[in-house]
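**Student:** The structure that follows is given in the form of structure tokens.
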Amino acid sequence: MKEFLEGSHAVAEIVKRCRPGVISAYPITPQTHIVEDLAQMVANGQLNSQFVNVESEHSAASVVLGGVAAGVRSYTATSSQGLFYMAEVIFNIAGMRLPLVLTCANRAISAPINIWNDQQDSISLRDAGWVQIYAENIQEAVDFHLIGYRLSEDKNIMLPVMVCMDGFILTHGMEVVDIPEQEKIDKFLPSYKPLYKLDPAEPISMGLLADPDYYLETRFALQETLKDVLKMLPKISHEFNTNFARDYKDLLVEEYYTKDAEKVIVAMGSVCGTIKEVVDEARKKGKKVGLLRLISYRPFPAERIYEILKNVPKVAVLDKAVSLGGYAPIASEVKAAFAAKKKSPKLISSFIAGLGGRDITQDSIREILRKLNGKEVNLEFIDLKPELLKESYGG
Amino acid sequence: MEDSSHLFKAGHTACAGCGQSLAARLVIDAAGPNTIVVNNTGCLEVFSTKYPETAWNVPWIHSLFENASAVASGVEAALKYLGKKDNINVIAQGGDGSTADIGLQALSGMLERGHDILYVCYDNEAYMNTGVQRSGLTPFETNTTTSPVGTQSIGNPRPKKPMPEIALAHGIAYVATSSVAYPQDIQRKVKKAFSLKGPKYIQIHVPCPLGWRHEPNQTLEVAKLAVETGLYPLFEYEFGKLTSVRQLQEPKPVEEYLKTQGRFKHLLAQKEVLAQIQKIASDNIQKYNLKVNPSA
Amino acid sequence: MFGPLIIKPITSKGDKTGSWRIQLRPEFLKKNCIGCKMCLVICPEGCIRGKEKNTYTCDYNYCKGCGLCALICPKKDIIMIEENFKEEKK
């Protein structure tokens with residue numbers, strides 16, 4: 001049913017329909033509206049769920065870990081500092097192979113403290129073994145939660161899924177969204193049937209100590225399972241399309257005018273909406289530009305990226321995060337997709353933009369496309385304000 | 001138990017004479033098979049569940065060092081959602097370090113939210129699993145590796161953090177202390193706890209032969225002396241009211257307890273420090289009215 | 001794909017910690033035992049079993065020789081003797 005909704009509220013509506021039995025909540029801007037809405041739904045009797053107001057994000061993640069371990073579908077949401085506070089639990093949940101969906105409302109990382117959007121938080125935890133999918137708009141944010149539970153609880157996967165949506169832009173923006181009906185959702189996402197759970201009828205021990213004789217295989221298994229997710233996402237997307245008439249193709253990437261493009265921008269999240277506007281305008285003028293949008297960041301769809309970009313002469317990668325002292329995360333992984341391959345773009349330029357919520361305008365995108373005319377850019381910050389930079393402090 | 005059908009089986013790799021392994025078994029045997037246990041990282045977790053072995057005959061989960069209280073909160077919420085909470089006990093447990101220090105926040109949150117969970121703290125008075133480092137529950141002037149005795153120091157400069165009182169301040173259903181010297185007392189208190197709804201806290205004094213430096217067969221003797229000197233008062237609070245204490249016929253001087261363990265031997269010649277420790281014991285005796293016939 | 005993850009207690013046999021004993025082992029004399037069960041209660045391994053008096057003994061596959069049982073027995077019916085390495089452990 002179509003409604004004009006704030007992003008957080010839309011997410012709360014879909015999470016409610018996924019029927020989680022345990023929800024843990026800790027406030028942090030800009031995800032707080034999600035848990036507030038869920039609290040109201042529980043208070044009104046519209047959602048049968050145990051709503052646990054925890055005393056920190058570390059406990060928020062631990063509570064849902066316990067909930068899932070006991071065999072009940074669970075949910076929580078966080079951002080930035082909260083995600084970092086629960087970081088060790090995040091790794092723990094993946095290592096224990098427990099299914100879960102967590103909403104990350106992407107927000108910048110302290111210090112300095114900044115509540116506006118960039119993707120440093122979730123990208124910094126890319127090693128954790130979670131599936132990470134990034135929404136471009138509110139409809140995707142809604143649909144990805146449903147897809148997330150479906151993927152997560154698959155008996156061959158059993159991995160937690162982080163649905164990433166840009167903070168404020170998507171959480172506080174408003175769009176017309178279609179929230180599917182409960183019956184259709186129940187058919188696509190049946191109740192959680194655990195492979196293993198804490199139950200006195202059949203006691204098991206979970207979370208054991210694995211010494212050097214056993215630990216390596218657990219990591220190998222995680223890596224192999226994430227490879228399986230690359231094959232699973234297209235299947236689930238197809239089923240989602242059959243049920244809800246929205247086609248996310250392979251749910252790994254979106255190709256927007258990349259087939260004959262001479263210049264392609266690779267990007268992730270809501271900024272792709274802006275990039276599409278610039279691409280449309282350029283195409284009207286006969287310029288062959290395109291956008292390759294990453295949907296799944298983990299697992300990283302290296303093969304798809306190779307297939308799509310191998311014949312494109314000029315590629316710009318737009319990162320909303322930076323690995324300080326190293327390279328931009330997405331750019332370095334895109335470049336790696338072409339290592340030791342026969343075909344590759346003539347240049348892959350890396351640009352950092354939008355950190356701390358600095359607006360990425362259509363002009364910023366045009367600037368990036370212009371820079372593709374020059375030499376390959378190793379790593380450049382877009383829209384920098386040099387007047388704010390000092391060489392040294394004091395004296 | 002007539003035969004040996006314990007819920008915590010032999011074959012775990014605790015040190016010989018480990019007080020914590022004994023207490024852990026007494027607790028789970030009293031709780032019964034319809035119990036889910038959530039364990040913090042520590043000696044108990046490490047020696048009882050090294051893949052592919054487990055000593056636990058009940059559903060058991062370990063996550064991290066400090067979050068057993070929070071994970072247990074999630075388990076309890078899940079059981080409530082499934083409508084099964086009334087038939088299943090939930091225990092969150094850990095050592096003194098994971099309870100009073102790193103896990104204090106999660107424990108406080110769990111107690112404040114009123115979950116129907118029993119929290120058991122196995123108090124061996126230091127971070128034993130990592131090699132006897134000082135914790136918030138390490139007693140005054142104890143020799144540990146991070147509060148060692150040297151020319152500038154005679155051990156841990158702080159008294160024990162009053163954990164039972166902190167738990168009590170949350171206004172919970174049941175707070176008790178016990179000691180492995182009195183096995184039936186432990187089991188009685190665990191059963192008592194599970195007869196009440198809401199959060200419960202039991203702290204059990206468990207000697208560690210390795211960390212405290214005494215012979216393995218002295219575990220029960222040493223634990224008993226701690227109680228008999230008044231240094232470790234055994235009491236019960238129900239809904240904020242003191243309902244029982246273990247009374248002492250004739251409290252023993254603290255030296256009798258301190259001299260049994262290597263971690264205190266540097267104190268035996270320090271008259272002033274002994275007086276301070278004796279004051280801790282005397283204060284306990286007075287506060288809890290431990291002495292039988294105090295006027296005599 | 002999964003790796004080492006969970007364990008069911010039924011498949012876990014535990015380590016044979018009886019091999020840790022290098023000095024002493026308990027001997028259950030079974031003469032003056034009154035069946036008070038204190039040895040069974042306080043064994044940290046939980047490896048002592050018995051029913052009526054004079055039937056108590058320990059599982060030497062797991063006994064670590066800590067000596068707590070010998071000290072607690074009110075009738076001194078358990079004594080610690082030198083470990084016998086030649087004896088076959090069942």
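Letters for chains follow the order of the structure tokens (A, B, ...), residue numbers begin at 1 for each chain, and ligand numbers begin at 1 in the order shown.
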As a PyMOL selection string, which residues of chain C does DSSP assign to strand (DSSP E or B)?

**Tutor:** chain C and resi 6-7+24-28+48-49+57-58+78-82

**Student:** Within 6 Å of stretch 318-322 of chain A, counting only C-alpha atoms, which residues qualify if same-chain residues fewer than 4 places away don't, as a list in words?

**Tutor:**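 The contact residues come out as Asp118, Gln119, Gln120, Ala267, Ala328, Phe351, Ile352, Ala353, Gly354 and Leu355 of chain A.
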
**Student:** Please identify all residues of chain A having at least one atom at most 7 Å from any atom of chain B, considering only C-alpha atoms, and return them as a count of residues only.

**Tutor:** 27

**Student:** Please report as a count of residues only which residues of chain C come no farther than 9 Å from chain B, using only C-alpha atoms.

**Tutor:** 42

**Student:** Would you compute the distance between atom CA of A:Asn117 and atom CA of A:Pro30? Give it in Å to one decimal.

**Tutor:** 8.9 Å

**Student:** Rank nothing, just name the residue among A:Ile115, A:Ile93, A:Val177, A:Ile23 nearest to A:Ala10, using only C-alpha atoms.

**Tutor:**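 The closest residue to A:Ala10 is A:Val177.
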
**Student:** Distance atom CA of B:Val27-atom CA of B:Ser98, one decimal place?

**Tutor:**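 About the pair atom CA of B:Val27 and atom CA of B:Ser98: they are 18.1 Å apart.
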
**Student:** If you count only C-alpha atoms, which residues fall within 9 Å of stretch 365-378 of chain A, apart from same-chain ones fewer than 6 positions away, as JSON, numbers by chain?

**Tutor:** {"A": [263, 264, 265, 274, 275, 278, 289, 314, 315, 316, 318, 327, 346, 347, 348, 349, 350, 351]}
